[in-house]
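**Q** Compact mmCIF, C-alpha atoms, file model-v7.txt:
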# COMPACT_ATOMS: atom_id res chain seq x y z
CA MET M 1 -3.43 6.73 151.40
CA ARG M 2 -6.62 7.86 149.65
CA THR M 3 -4.69 10.58 147.96
CA ASN M 4 -2.27 8.04 146.49
CA TYR M 5 -5.14 6.00 144.99
CA LEU M 6 -6.63 9.05 143.32
CA LEU M 7 -3.25 9.95 141.87
CA LEU M 8 -2.78 6.44 140.47
CA LEU M 9 -6.29 6.45 138.94
CA THR M 10 -5.64 9.79 137.29
CA ILE M 11 -2.43 8.49 135.70
CA LEU M 12 -4.13 5.33 134.39
CA LEU M 13 -7.00 7.29 132.84
CA GLY M 14 -4.52 9.61 131.21
CA LEU M 15 -2.77 6.70 129.44
CA ILE M 16 -5.83 5.87 127.33
CA PRO M 17 -5.94 9.03 125.23
CA MET M 18 -2.16 8.97 124.97
CA ASN M 19 -2.28 5.47 123.36
CA ASN M 20 -5.08 6.51 120.93
CA THR M 21 -3.05 9.45 119.81
CA HIS M 22 -0.07 7.17 119.08
CA ALA M 23 -2.23 4.74 117.06
CA SER M 24 -3.69 7.49 114.94
CA ASP M 25 -0.25 8.88 114.28
CA SER M 26 0.85 5.44 112.84
CA ILE M 27 -1.66 5.70 109.92
CA PRO M 28 -0.25 8.02 107.23
CA SER M 29 -2.57 10.74 106.05
CA VAL M 30 -1.14 10.58 102.49
CA PHE M 31 0.01 7.34 100.85
CA LEU M 32 0.33 5.36 97.57
CA TYR M 33 -1.57 2.13 97.04
CA SER M 34 -1.52 -0.76 94.50
CA PRO M 35 -2.83 -4.27 95.17
CA TYR M 36 -0.06 -5.88 93.08
CA THR M 37 3.12 -5.31 95.03
CA LYS M 38 4.95 -8.40 93.75
CA ILE M 39 4.30 -10.04 90.36
CA SER M 40 6.00 -12.66 88.16
CA VAL M 41 6.41 -12.09 84.39
CA SER M 42 8.35 -13.30 81.34
CA PRO M 43 11.02 -11.33 79.45
CA GLY M 44 9.50 -8.83 77.02
CA THR M 45 6.26 -8.47 79.02
CA SER M 46 4.42 -5.15 79.24
CA ILE M 47 3.26 -4.32 82.79
CA ASP M 48 0.53 -1.78 83.55
CA TYR M 49 0.17 -0.82 87.22
CA LYS M 50 -2.81 1.19 88.43
CA ILE M 51 -1.69 3.19 91.48
CA ASP M 52 -3.79 5.39 93.77
CA LEU M 53 -2.47 8.55 95.46
CA ILE M 54 -4.73 8.84 98.53
CA ASN M 55 -4.92 12.12 100.52
CA ASN M 56 -6.60 11.73 103.90
CA SER M 57 -5.16 14.96 105.21
CA LYS M 58 -6.89 18.33 105.51
CA SER M 59 -4.63 20.01 102.95
CA PRO M 60 -4.17 19.58 99.18
CA VAL M 61 -1.20 17.52 98.01
CA ASN M 62 0.79 18.30 94.85
CA ALA M 63 3.44 15.58 94.51
CA ASP M 64 6.21 14.86 91.99
CA LEU M 65 5.89 11.36 90.48
CA SER M 66 9.00 9.26 89.85
CA VAL M 67 10.34 5.69 89.64
CA SER M 68 13.70 4.65 91.05
CA GLY M 69 15.66 1.43 91.41
CA LEU M 70 15.04 -0.05 87.93
CA PRO M 71 17.82 -0.63 85.38
CA SER M 72 17.94 1.94 82.58
CA SER M 73 16.97 -0.73 79.99
CA TRP M 74 13.44 -0.88 81.43
CA LYS M 75 11.15 1.49 79.55
CA ARG M 76 8.68 3.36 81.78
CA GLU M 77 5.80 5.77 81.39
CA ILE M 78 3.46 7.48 83.89
CA LYS M 79 0.04 8.50 82.59
CA SER M 80 -3.17 9.84 84.10
CA GLY M 81 -6.30 11.01 82.33
CA GLY M 82 -4.71 10.13 79.01
CA TRP M 83 -1.72 12.43 79.65
CA ASN M 84 1.90 11.79 80.44
CA VAL M 85 2.31 13.30 83.91
CA ASN M 86 5.22 14.20 86.19
CA LYS M 87 3.19 15.72 88.99
CA LEU M 88 -0.22 14.94 90.49
CA ALA M 89 -2.44 17.08 92.75
CA VAL M 90 -5.08 15.62 95.11
CA LEU M 91 -7.65 17.53 97.18
CA PRO M 92 -8.19 16.73 100.90
CA ASN M 93 -10.02 13.45 101.58
CA GLU M 94 -9.82 12.40 97.90
CA LYS M 95 -7.70 10.12 95.73
CA LYS M 96 -6.35 10.21 92.19
CA ASP M 97 -5.08 7.24 90.22
CA PHE M 98 -2.29 7.07 87.66
CA ASN M 99 -0.86 4.28 85.50
CA LEU M 100 2.74 3.17 85.54
CA LYS M 101 3.63 1.27 82.36
CA LEU M 102 6.81 -0.79 82.32
CA GLU M 103 8.43 -2.74 79.46
CA VAL M 104 10.49 -5.68 80.67
CA PRO M 105 13.54 -6.02 78.36
CA LEU M 106 13.90 -9.11 76.20
CA LYS M 107 17.52 -9.55 77.15
CA ILE M 108 17.37 -9.83 80.91
CA ASN M 109 18.61 -12.11 83.66
CA LYS M 110 16.26 -14.26 85.64
CA GLY M 111 15.57 -12.92 89.16
CA SER M 112 13.68 -10.36 91.28
CA TYR M 113 13.84 -6.60 90.61
CA ASN M 114 12.88 -4.20 93.40
CA PHE M 115 12.00 -0.58 92.72
CA ILE M 116 10.16 2.35 94.33
CA VAL M 117 7.35 4.52 92.99
CA SER M 118 7.43 7.94 94.66
CA ALA M 119 4.93 10.77 94.93
CA GLY M 120 7.01 13.44 96.57
CA GLU M 121 8.02 12.07 99.95
CA TYR M 122 5.49 9.24 99.76
CA GLN M 123 6.81 5.91 98.49
CA LEU M 124 5.43 2.58 97.28
CA PRO M 125 7.92 -0.35 97.08
CA LEU M 126 7.18 -2.87 94.28
CA THR M 127 8.83 -6.08 93.06
CA VAL M 128 8.88 -7.72 89.62
CA THR M 129 10.16 -11.30 89.39
CA VAL M 130 11.43 -12.35 85.94
CA ALA M 131 10.60 -16.06 85.79
CA GLN M 132 13.05 -17.10 83.07
CA GLN M 133 16.29 -16.10 81.46
CA GLY M 134 15.70 -13.54 78.74
CA THR M 135 17.03 -13.69 75.19
CA TYR M 136 17.50 -11.30 72.30
CA GLN M 137 16.65 -13.47 69.35
CA THR M 138 14.04 -14.91 66.98
CA GLU M 139 11.79 -17.87 67.73
CA PHE M 140 10.10 -20.10 65.13
CA THR M 141 7.79 -22.58 66.86
CA THR M 142 4.80 -24.86 66.33
CA ASP M 143 2.64 -26.85 68.71
CA GLN M 144 2.38 -29.73 66.21
CA PRO M 145 5.73 -30.47 64.49
CA ASN M 146 4.74 -33.99 63.39
CA MET M 147 1.96 -35.03 60.98
CA GLN M 148 0.91 -38.29 59.36
CA GLY M 149 -1.03 -39.03 56.19
CA ASN M 150 -0.95 -40.75 52.83
CA SER M 151 1.12 -39.69 49.84
CA LYS M 152 -1.80 -37.73 48.32
CA SER M 153 -2.15 -35.50 51.38
CA THR M 154 -1.06 -31.89 51.86
CA PHE M 155 0.36 -31.43 55.36
CA THR M 156 -0.42 -27.99 56.84
CA PHE M 157 1.58 -26.86 59.88
CA SER M 158 0.61 -23.80 61.95
CA ALA M 159 3.74 -22.01 63.18
CA VAL M 160 4.46 -18.76 65.05
CA LEU M 161 7.37 -16.48 64.12
CA LYS M 162 8.33 -14.31 67.10
CA ASN M 163 10.65 -11.33 66.78
CA GLN M 164 12.27 -10.97 70.19
CA THR M 165 14.48 -8.07 69.16
CA ALA M 166 14.13 -4.33 69.60
CA ASP M 167 13.74 -3.64 65.85
CA GLN M 168 11.31 -4.50 63.08
CA GLN M 169 12.59 -7.44 61.04
CA LEU M 170 11.93 -8.65 57.49
CA TYR M 171 12.42 -12.42 57.53
CA ALA M 172 13.19 -14.50 54.44
CA LEU M 173 11.37 -17.84 54.67
CA MET M 174 13.10 -20.89 53.23
CA ALA M 175 12.89 -24.68 53.41
CA ASN M 176 15.25 -27.61 53.06
CA ALA M 177 13.16 -30.53 51.85
CA PRO M 178 13.93 -33.77 49.96
CA ARG M 179 13.89 -33.59 46.19
CA GLY M 180 10.39 -33.42 44.72
CA TRP M 181 8.75 -32.05 47.87
CA ASN M 182 6.93 -28.72 47.70
CA VAL M 183 6.88 -26.29 50.65
CA ILE M 184 4.72 -23.13 50.62
CA PHE M 185 4.79 -20.43 53.33
CA LYS M 186 1.69 -18.37 54.12
CA PRO M 187 2.40 -15.57 56.63
CA ASN M 188 -0.98 -14.36 57.88
CA TYR M 189 -2.46 -16.99 55.50
CA LYS M 190 -1.19 -15.29 52.32
CA GLN M 191 1.40 -17.08 50.18
CA ALA M 192 4.77 -15.32 50.36
CA THR M 193 8.51 -15.96 50.68
CA SER M 194 9.07 -13.39 53.43
CA ALA M 195 7.38 -12.03 56.55
CA GLN M 196 7.70 -8.64 58.25
CA VAL M 197 7.40 -8.72 62.03
CA GLU M 198 7.42 -5.75 64.39
CA ALA M 199 9.79 -5.56 67.37
CA ASN M 200 8.75 -7.87 70.20
CA ALA M 201 5.78 -9.08 68.15
CA SER M 202 4.65 -12.36 66.61
CA GLN M 203 3.14 -13.45 63.30
CA ASN M 204 1.29 -16.63 62.36
CA VAL M 205 2.87 -18.58 59.50
CA SER M 206 1.05 -21.46 57.82
CA ILE M 207 3.37 -24.00 56.14
CA ASP M 208 1.94 -26.32 53.44
CA VAL M 209 4.07 -29.41 52.69
CA THR M 210 3.20 -31.58 49.68
CA PRO M 211 5.12 -34.84 48.97
CA PRO M 212 6.00 -36.11 45.48
CA ALA M 213 3.42 -38.24 43.69
CA ASN M 214 5.33 -41.52 44.01
CA VAL M 215 6.86 -40.99 47.46
CA GLU M 216 7.51 -44.16 49.42
CA ALA M 217 6.04 -44.73 52.86
CA GLY M 218 8.31 -43.53 55.65
CA SER M 219 9.32 -40.62 57.87
CA TYR M 220 10.69 -37.43 56.30
CA LYS M 221 12.34 -34.40 57.93
CA ILE M 222 11.55 -30.92 56.56
CA SER M 223 13.74 -28.09 57.87
CA VAL M 224 12.37 -24.54 57.58
CA ARG M 225 14.15 -21.31 58.45
CA ALA M 226 13.41 -17.61 58.99
CA VAL M 227 16.41 -15.32 58.38
CA ALA M 228 16.71 -11.55 58.88
CA GLY M 229 19.96 -9.61 59.22
CA ASN M 230 21.81 -10.84 62.30
CA THR M 231 19.01 -13.00 63.64
CA SER M 232 17.47 -16.26 62.47
CA ALA M 233 15.46 -19.22 63.72
CA ASP M 234 15.08 -22.83 62.59
CA LEU M 235 12.13 -25.17 62.84
CA GLU M 236 12.21 -28.88 62.05
CA LEU M 237 9.01 -30.54 60.85
CA GLU M 238 8.36 -34.23 60.38
CA VAL M 239 6.01 -35.84 57.87
CA VAL M 240 5.13 -39.51 58.20
CA VAL M 241 3.81 -40.87 54.90
CA THR M 242 1.64 -43.92 55.27
CA GLY M 243 1.46 -46.43 52.42
CA THR M 244 -0.99 -46.13 49.54
CA TYR M 245 -1.82 -49.18 47.45
CA GLN M 246 -2.32 -48.49 43.75
CA MET M 247 -1.63 -50.63 40.72
CA GLU M 248 -1.99 -50.34 36.96
CA LEU M 249 -2.30 -53.12 34.36
CA THR M 250 -1.69 -52.24 30.72
CA THR M 251 0.55 -53.03 27.73
CA PRO M 252 3.91 -51.48 26.81
CA ARG M 253 2.21 -49.22 24.23
CA GLY M 254 -1.10 -48.87 26.06
CA LEU M 255 -2.91 -50.68 23.21
CA LEU M 256 -5.72 -52.94 24.45
CA SER M 257 -6.77 -54.68 21.25
CA THR M 258 -5.39 -57.53 19.15
CA GLU M 259 -6.28 -60.18 16.57
CA ILE M 260 -6.29 -63.96 16.75
CA THR M 261 -7.22 -66.81 14.49
CA ALA M 262 -9.71 -69.35 15.80
CA GLY M 263 -7.81 -72.26 17.36
CA ASP M 264 -4.50 -70.37 17.37
CA VAL M 265 -2.32 -69.12 20.23
CA LYS M 266 -1.55 -65.43 20.88
CA ARG M 267 1.09 -64.08 23.28
CA LEU M 268 0.21 -60.72 24.82
CA GLU M 269 2.83 -58.70 26.68
CA LEU M 270 1.37 -57.05 29.82
CA VAL M 271 2.88 -54.44 32.13
CA VAL M 272 2.05 -54.37 35.86
CA ARG M 273 2.99 -51.02 37.45
CA ASN M 274 3.02 -50.13 41.17
CA THR M 275 1.66 -46.57 41.17
CA GLY M 276 1.26 -46.39 44.95
CA SER M 277 3.77 -45.70 47.72
CA SER M 278 3.81 -49.13 49.41
CA LEU M 279 5.43 -52.41 48.50
CA LEU M 280 3.07 -54.81 46.72
CA LYS M 281 3.51 -58.53 47.47
CA ASP M 282 2.16 -61.75 45.94
CA ILE M 283 0.47 -60.25 42.87
CA GLN M 284 -1.82 -62.92 41.40
CA LEU M 285 -2.79 -62.87 37.71
CA SER M 286 -6.10 -64.12 36.32
CA SER M 287 -8.43 -63.63 33.38
CA GLY M 288 -12.05 -63.47 32.36
CA LYS M 289 -12.15 -65.17 28.95
CA PRO M 290 -14.71 -66.25 26.35
CA GLN M 291 -16.11 -69.77 26.61
CA ASP M 292 -13.74 -72.58 25.56
CA TRP M 293 -10.78 -70.22 25.42
CA GLU M 294 -7.60 -70.81 27.40
CA VAL M 295 -5.39 -68.18 29.07
CA SER M 296 -2.24 -68.69 31.14
CA PHE M 297 0.46 -66.31 32.44
CA GLU M 298 4.23 -66.37 32.40
CA PRO M 299 5.08 -65.97 35.26
CA ALA M 300 1.91 -67.06 37.07
CA LYS M 301 2.44 -64.43 39.83
CA ILE M 302 4.75 -61.57 40.81
CA GLU M 303 6.45 -62.04 44.18
CA MET M 304 6.88 -58.32 44.98
CA LEU M 305 6.86 -54.93 43.32
CA LYS M 306 8.31 -51.77 44.89
CA ALA M 307 6.67 -48.36 44.63
CA GLY M 308 7.18 -46.88 41.16
CA GLU M 309 8.50 -50.12 39.64
CA THR M 310 7.05 -52.18 36.78
CA SER M 311 7.07 -55.87 35.89
CA THR M 312 6.39 -57.53 32.54
CA VAL M 313 4.09 -60.54 32.25
CA THR M 314 3.14 -62.57 29.16
CA ALA M 315 -0.45 -63.72 28.75
CA VAL M 316 -0.64 -66.86 26.57
CA MET M 317 -4.09 -66.92 24.95
CA LYS M 318 -5.57 -69.80 22.89
CA ALA M 319 -8.81 -69.13 21.03
CA SER M 320 -11.45 -71.79 20.69
CA LYS M 321 -11.43 -73.76 17.43
CA LYS M 322 -15.15 -73.14 17.22
CA ALA M 323 -14.84 -69.38 17.61
CA LEU M 324 -16.76 -67.58 14.92
CA PRO M 325 -15.31 -64.50 13.26
CA GLY M 326 -16.05 -61.31 15.18
CA ASP M 327 -15.02 -59.25 18.22
CA TYR M 328 -14.57 -60.82 21.66
CA VAL M 329 -13.67 -59.31 25.08
CA ALA M 330 -11.14 -60.78 27.50
CA THR M 331 -10.45 -59.22 30.90
CA MET M 332 -7.00 -59.48 32.49
CA GLU M 333 -6.65 -58.89 36.25
CA ALA M 334 -3.71 -58.37 38.64
CA LYS M 335 -4.74 -58.68 42.28
CA THR M 336 -3.28 -58.47 45.80
CA PRO M 337 -5.10 -58.51 49.16
CA GLU M 338 -4.87 -54.69 49.20
CA VAL M 339 -5.58 -53.64 45.61
CA ASN M 340 -6.41 -54.95 42.15
CA ALA M 341 -6.16 -53.67 38.57
CA THR M 342 -7.96 -54.81 35.41
CA ALA M 343 -7.58 -54.31 31.68
CA GLN M 344 -10.17 -55.25 29.03
CA PHE M 345 -8.90 -56.41 25.64
CA ARG M 346 -10.94 -56.33 22.43
CA ILE M 347 -9.96 -59.39 20.38
CA ALA M 348 -10.90 -59.76 16.74
CA VAL M 349 -11.21 -63.44 15.69
CA LYS M 350 -10.34 -64.30 12.11
CA THR M 351 -11.19 -67.44 10.10
CA PRO M 352 -8.32 -69.90 9.65
CA MET M 353 -6.57 -69.69 6.24
CA LEU M 354 -7.49 -73.30 5.37
CA TRP M 355 -11.18 -72.52 5.52
CA GLY M 356 -10.51 -69.48 3.43
CA TRP M 357 -8.95 -71.58 0.68
CA VAL M 358 -11.75 -74.10 0.97
CA GLY M 359 -14.26 -71.31 0.50
CA ILE M 360 -12.39 -70.03 -2.54
CA LEU M 361 -12.23 -73.56 -3.98
CA ILE M 362 -15.99 -74.01 -3.50
CA ILE M 363 -16.61 -70.73 -5.26
CA ILE M 364 -14.37 -71.76 -8.16
CA VAL M 365 -16.11 -75.18 -8.46
CA ALA M 366 -19.50 -73.51 -8.40
CA VAL M 367 -18.52 -71.02 -11.10
CA GLY M 368 -17.01 -73.82 -13.16
CA GLY M 369 -20.18 -75.92 -12.87
CA VAL M 370 -22.35 -73.06 -14.00
CA TYR M 371 -20.05 -72.42 -16.93
CA TYR M 372 -20.15 -76.11 -17.93
CA LEU M 373 -23.91 -76.25 -17.80
CA PHE M 374 -24.16 -73.10 -19.80
CA ARG M 375 -21.88 -74.50 -22.54
CA LYS M 376 -23.66 -77.80 -22.70
CA TYR M 377 -27.27 -76.74 -22.62
CA GLY M 378 -27.15 -73.13 -23.48
CA ARG M 379 -27.40 -73.59 -27.27
CA ARG M 380 -30.47 -75.74 -27.21
Here is a file; write its structure as C-alpha cells.
**A**
Amino acid sequence: MRTNYLLLLTILLGLIPMNNTHASDSIPSVFLYSPYTKISVSPGTSIDYKIDLINNSKSPVNADLSVSGLPSSWKREIKSGGWNVNKLAVLPNEKKDFNLKLEVPLKINKGSYNFIVSAGEYQLPLTVTVAQQGTYQTEFTTDQPNMQGNSKSTFTFSAVLKNQTADQQLYALMANAPRGWNVIFKPNYKQATSAQVEANASQNVSIDVTPPANVEAGSYKISVRAVAGNTSADLELEVVVTGTYQMELTTPRGLLSTEITAGDVKRLELVVRNTGSSLLKDIQLSSGKPQDWEVSFEPAKIEMLKAGETSTVTAVMKASKKALPGDYVATMEAKTPEVNATAQFRIAVKTPMLWGWVGILIIIVAVGGVYYLFRKYGRR
C-alpha cells in the first residue's frame, strides 16, 4: 500500500513541470505587434501603421515582409529607417519596427477589409473598416451657405474645393447670379477664375458676392460651379438682403434756386426718389420758410414709393408782401418714420413791377421839378 502512495505522489509531482513546459510553448518566441488591429476610416484616407517585429528567441531572424488580402486598388508601402524594405533582420532578444503605409481608394464600397501582414512565417491579422460609401468625384462645400446683410454689404463665403479623383485637376470657377450681381472667386485668397487642385487634395476658395446698388430686399440664390474635364461640382449660396432706407429730395434738373416777386406765388416742381432697397410708406412733406411766407404741397403726402422709383410733388410758395428785395432760404423736407431728406432753396425776392414804375415816376417828377426851378430862377 505504501508503495502505491509513493507512486501516485511521484506522478503528481511530475505533472507540474509538464504543465509549465506547455505554457511556455504557447508564447511565440518571434511575433509581430501593432496596437491598432481594427480601425475605422473614410474613403481616401492615408493609414500609417507602426509594427514591431519582436524576436525573443536565441537566434537571429531575417524575415520577408509582405501584405496579403487587400484589393489591388489599395496602394501600400513598407518602410523602415527611411528605406523601402522587403526584408527585416532582428537580433536575439531585440525588436525592430517598420511602417506600413496604406492608401484607401476614393472609389470603394462601405464595409470591413481584413488583411494579413507577414514577416516570413509570422503573421499579424489587421482590419480596416470603411465607414461610408466611397466616391470618385469633386466636392464643393461650405459650412455657411446662407448670409444676411444690407444692400451695401459684400457677402464673403468660405468654401472648400475637394478633388476626390486620382489625377490633378484644373477647375474653371463660374457663377450663375441675377443680373447686376458681382461674384469674385479667390482660390487661396487670390482673385482668379480657375483653381488647380492635386489628386485627393483640397483647396480653400473664398467667394465674394456683391449685390447691385438698388437691389430690393429679399432672398437671392447664387449658384457657383467648379468644372474640370469629366468632373464637376455645384454649390448653391443664398444671400438675404435686408432693407435699407434712403431717400433723395431734389428738382428735375437738380437746380435749387429760383426767383419770386414779393407777394406773388411760385410753383416749384420737386422730385422725391427712393434710393434705398425697401418700400417707403407715408412720406410727409413739410417746409422751413421765411416769416410770413406760405408753402403748401400738391399732393400733401406720398402714400408709398418702391425702391428705385421717383414721385413728383409741386411746392406752392407765396412770398410775403412785405418781403424786401434780397436772397432768402427755404428748406423743403420729405420724411418717413425711417428716413428723411431735405433740400435748401435759395430764393431771390424782386420788387413788384408797380413799385418799380412808381419809383421811375418819382424820379421823373423830381427831375422835372429841378428843371422847372432852373428855368424860372436860373436867369436871375
**Q** Nearest residue to Val265 of chain M out of M:Leu124, M:Ala330, M:Ala315, M:Met304, using all atoms listed in the file?
**A** M:Ala315
**Q** Around (11.4, -6.6, 65.5) in the file's frame, which residues reach within 8 Å when counting only C-alpha atoms? Return as a ChimeraX atom specification?
**A** /M:163-169,197-201
**Q** Rounded to one decimal in Å, what is the spacing between atom CA of Gln291 of chain M and atom CA of Pro325 of chain M?
**A** 14.4 Å
**Q** Excluding segment 135-139 of chain M and its own-chain neighbours fewer than 4 positions away, which residues fall within 8 Å of it when counting all atoms listed in the file? Please give them as a list in words.
**A**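 The neighbour list is Pro43, Leu106, Lys107, Ile108, Val160, Leu161, Lys162, Asn163, Gln164, Thr165, Thr231, Ser232, Ala233 and Asp234 of chain M.
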**Q** Excluding Lys186 of chain M and residues on its chain fewer than 6 positions from it, collect all residues at most 9 Å away from it, counting all atoms listed in the file, and give them as a list in words.
**A**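 Answer for this query is Ala192, Thr193, Ser194, Ala195, Asn204, Val205, Ser206, Ile207 and Asp208 of chain M.
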**Q** So which one's closest to Ser112 of chain M, M:Ser202, M:Gln246, M:Gln132, M:Gln191? Using all atoms listed in the file, please.
**A** M:Gln132
**Q** Do you know which residues are at most 7 Å from Lys221 of chain M counting all atoms listed in the file, after dropping those on the same chain fewer than 5 positions away, and could you put them as a PyMOL selection string?
**A** chain M and resi 236-239
**Q** Dump as a VMD selection string all residues having an atom at most 7 Å from (-3.5, -70.5, 19.2), computed in the file's coordinates with only C-alpha atoms.
**A** chain M and resid 263 to 266 317 to 319
**Q** Excluding Gly326 of chain M and any residue of its chain fewer than 2 positions from it, enumerate the residues within 10 Å of it, using all atoms listed in the file, and give them as a PyMOL selection string.
**A** chain M and resi 259+323-324+328+347-351
**Q** Quick one: residues within 8 Å of Pro105 of chain M, only C-alpha atoms counted, chain neighbours fewer than 2 positions away excluded, as a PyMOL selection string?
**A** chain M and resi 43-45+73-75+103+107-108+134
**Q** Quick one: segment 330-344 of chain M with N, CA, C and O atoms, as a PDB file, in the frame of the given file?
**A**
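Okay, part_35.pdb is ready:
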ATOM      1  N   ALA M 330     -11.815 -60.021  26.440  1.00  0.00           N
ATOM      2  CA  ALA M 330     -11.140 -60.780  27.500  1.00  0.00           C
ATOM      3  C   ALA M 330     -10.634 -59.787  28.542  1.00  0.00           C
ATOM      4  O   ALA M 330     -10.054 -58.748  28.190  1.00  0.00           O
ATOM      5  N   THR M 331     -10.866 -60.099  29.803  1.00  0.00           N
ATOM      6  CA  THR M 331     -10.450 -59.220  30.900  1.00  0.00           C
ATOM      7  C   THR M 331      -9.273 -59.826  31.641  1.00  0.00           C
ATOM      8  O   THR M 331      -9.349 -60.963  32.126  1.00  0.00           O
ATOM      9  N   MET M 332      -8.177 -59.055  31.740  1.00  0.00           N
ATOM     10  CA  MET M 332      -7.000 -59.480  32.490  1.00  0.00           C
ATOM     11  C   MET M 332      -7.008 -58.762  33.849  1.00  0.00           C
ATOM     12  O   MET M 332      -7.354 -57.570  33.940  1.00  0.00           O
ATOM     13  N   GLU M 333      -6.610 -59.473  34.913  1.00  0.00           N
ATOM     14  CA  GLU M 333      -6.650 -58.890  36.250  1.00  0.00           C
ATOM     15  C   GLU M 333      -5.367 -59.227  37.014  1.00  0.00           C
ATOM     16  O   GLU M 333      -4.897 -60.363  36.998  1.00  0.00           O
ATOM     17  N   ALA M 334      -4.827 -58.195  37.699  1.00  0.00           N
ATOM     18  CA  ALA M 334      -3.710 -58.370  38.640  1.00  0.00           C
ATOM     19  C   ALA M 334      -4.256 -57.999  40.012  1.00  0.00           C
ATOM     20  O   ALA M 334      -4.829 -56.920  40.180  1.00  0.00           O
ATOM     21  N   LYS M 335      -4.063 -58.880  41.009  1.00  0.00           N
ATOM     22  CA  LYS M 335      -4.740 -58.680  42.280  1.00  0.00           C
ATOM     23  C   LYS M 335      -3.823 -59.032  43.449  1.00  0.00           C
ATOM     24  O   LYS M 335      -3.076 -60.005  43.413  1.00  0.00           O
ATOM     25  N   THR M 336      -3.898 -58.189  44.504  1.00  0.00           N
ATOM     26  CA  THR M 336      -3.280 -58.470  45.800  1.00  0.00           C
ATOM     27  C   THR M 336      -4.374 -58.331  46.860  1.00  0.00           C
ATOM     28  O   THR M 336      -5.467 -57.853  46.551  1.00  0.00           O
ATOM     29  N   PRO M 337      -4.092 -58.708  48.124  1.00  0.00           N
ATOM     30  CA  PRO M 337      -5.100 -58.510  49.160  1.00  0.00           C
ATOM     31  C   PRO M 337      -5.495 -57.051  49.360  1.00  0.00           C
ATOM     32  O   PRO M 337      -6.594 -56.756  49.853  1.00  0.00           O
ATOM     33  N   GLU M 338      -4.592 -56.112  48.957  1.00  0.00           N
ATOM     34  CA  GLU M 338      -4.870 -54.690  49.200  1.00  0.00           C
ATOM     35  C   GLU M 338      -5.487 -53.974  48.005  1.00  0.00           C
ATOM     36  O   GLU M 338      -6.270 -53.030  48.181  1.00  0.00           O
ATOM     37  N   VAL M 339      -5.154 -54.395  46.783  1.00  0.00           N
ATOM     38  CA  VAL M 339      -5.580 -53.640  45.610  1.00  0.00           C
ATOM     39  C   VAL M 339      -5.611 -54.561  44.400  1.00  0.00           C
ATOM     40  O   VAL M 339      -4.947 -55.611  44.382  1.00  0.00           O
ATOM     41  N   ASN M 340      -6.403 -54.186  43.393  1.00  0.00           N
ATOM     42  CA  ASN M 340      -6.410 -54.950  42.150  1.00  0.00           C
ATOM     43  C   ASN M 340      -6.520 -53.996  40.966  1.00  0.00           C
ATOM     44  O   ASN M 340      -6.963 -52.857  41.105  1.00  0.00           O
ATOM     45  N   ALA M 341      -6.092 -54.470  39.800  1.00  0.00           N
ATOM     46  CA  ALA M 341      -6.160 -53.670  38.570  1.00  0.00           C
ATOM     47  C   ALA M 341      -6.617 -54.574  37.435  1.00  0.00           C
ATOM     48  O   ALA M 341      -6.268 -55.762  37.381  1.00  0.00           O
ATOM     49  N   THR M 342      -7.431 -54.028  36.528  1.00  0.00           N
ATOM     50  CA  THR M 342      -7.960 -54.810  35.410  1.00  0.00           C
ATOM     51  C   THR M 342      -7.707 -54.087  34.091  1.00  0.00           C
ATOM     52  O   THR M 342      -7.529 -52.864  34.056  1.00  0.00           O
ATOM     53  N   ALA M 343      -7.698 -54.862  33.031  1.00  0.00           N
ATOM     54  CA  ALA M 343      -7.580 -54.310  31.680  1.00  0.00           C
ATOM     55  C   ALA M 343      -8.439 -55.168  30.753  1.00  0.00           C
ATOM     56  O   ALA M 343      -8.329 -56.401  30.750  1.00  0.00           O
ATOM     57  N   GLN M 344      -9.302 -54.534  29.961  1.00  0.00           N
ATOM     58  CA  GLN M 344     -10.170 -55.250  29.030  1.00  0.00           C
ATOM     59  C   GLN M 344      -9.594 -55.169  27.615  1.00  0.00           C
ATOM     60  O   GLN M 344      -9.290 -54.077  27.123  1.00  0.00           O
TER      61      GLN M 344
END
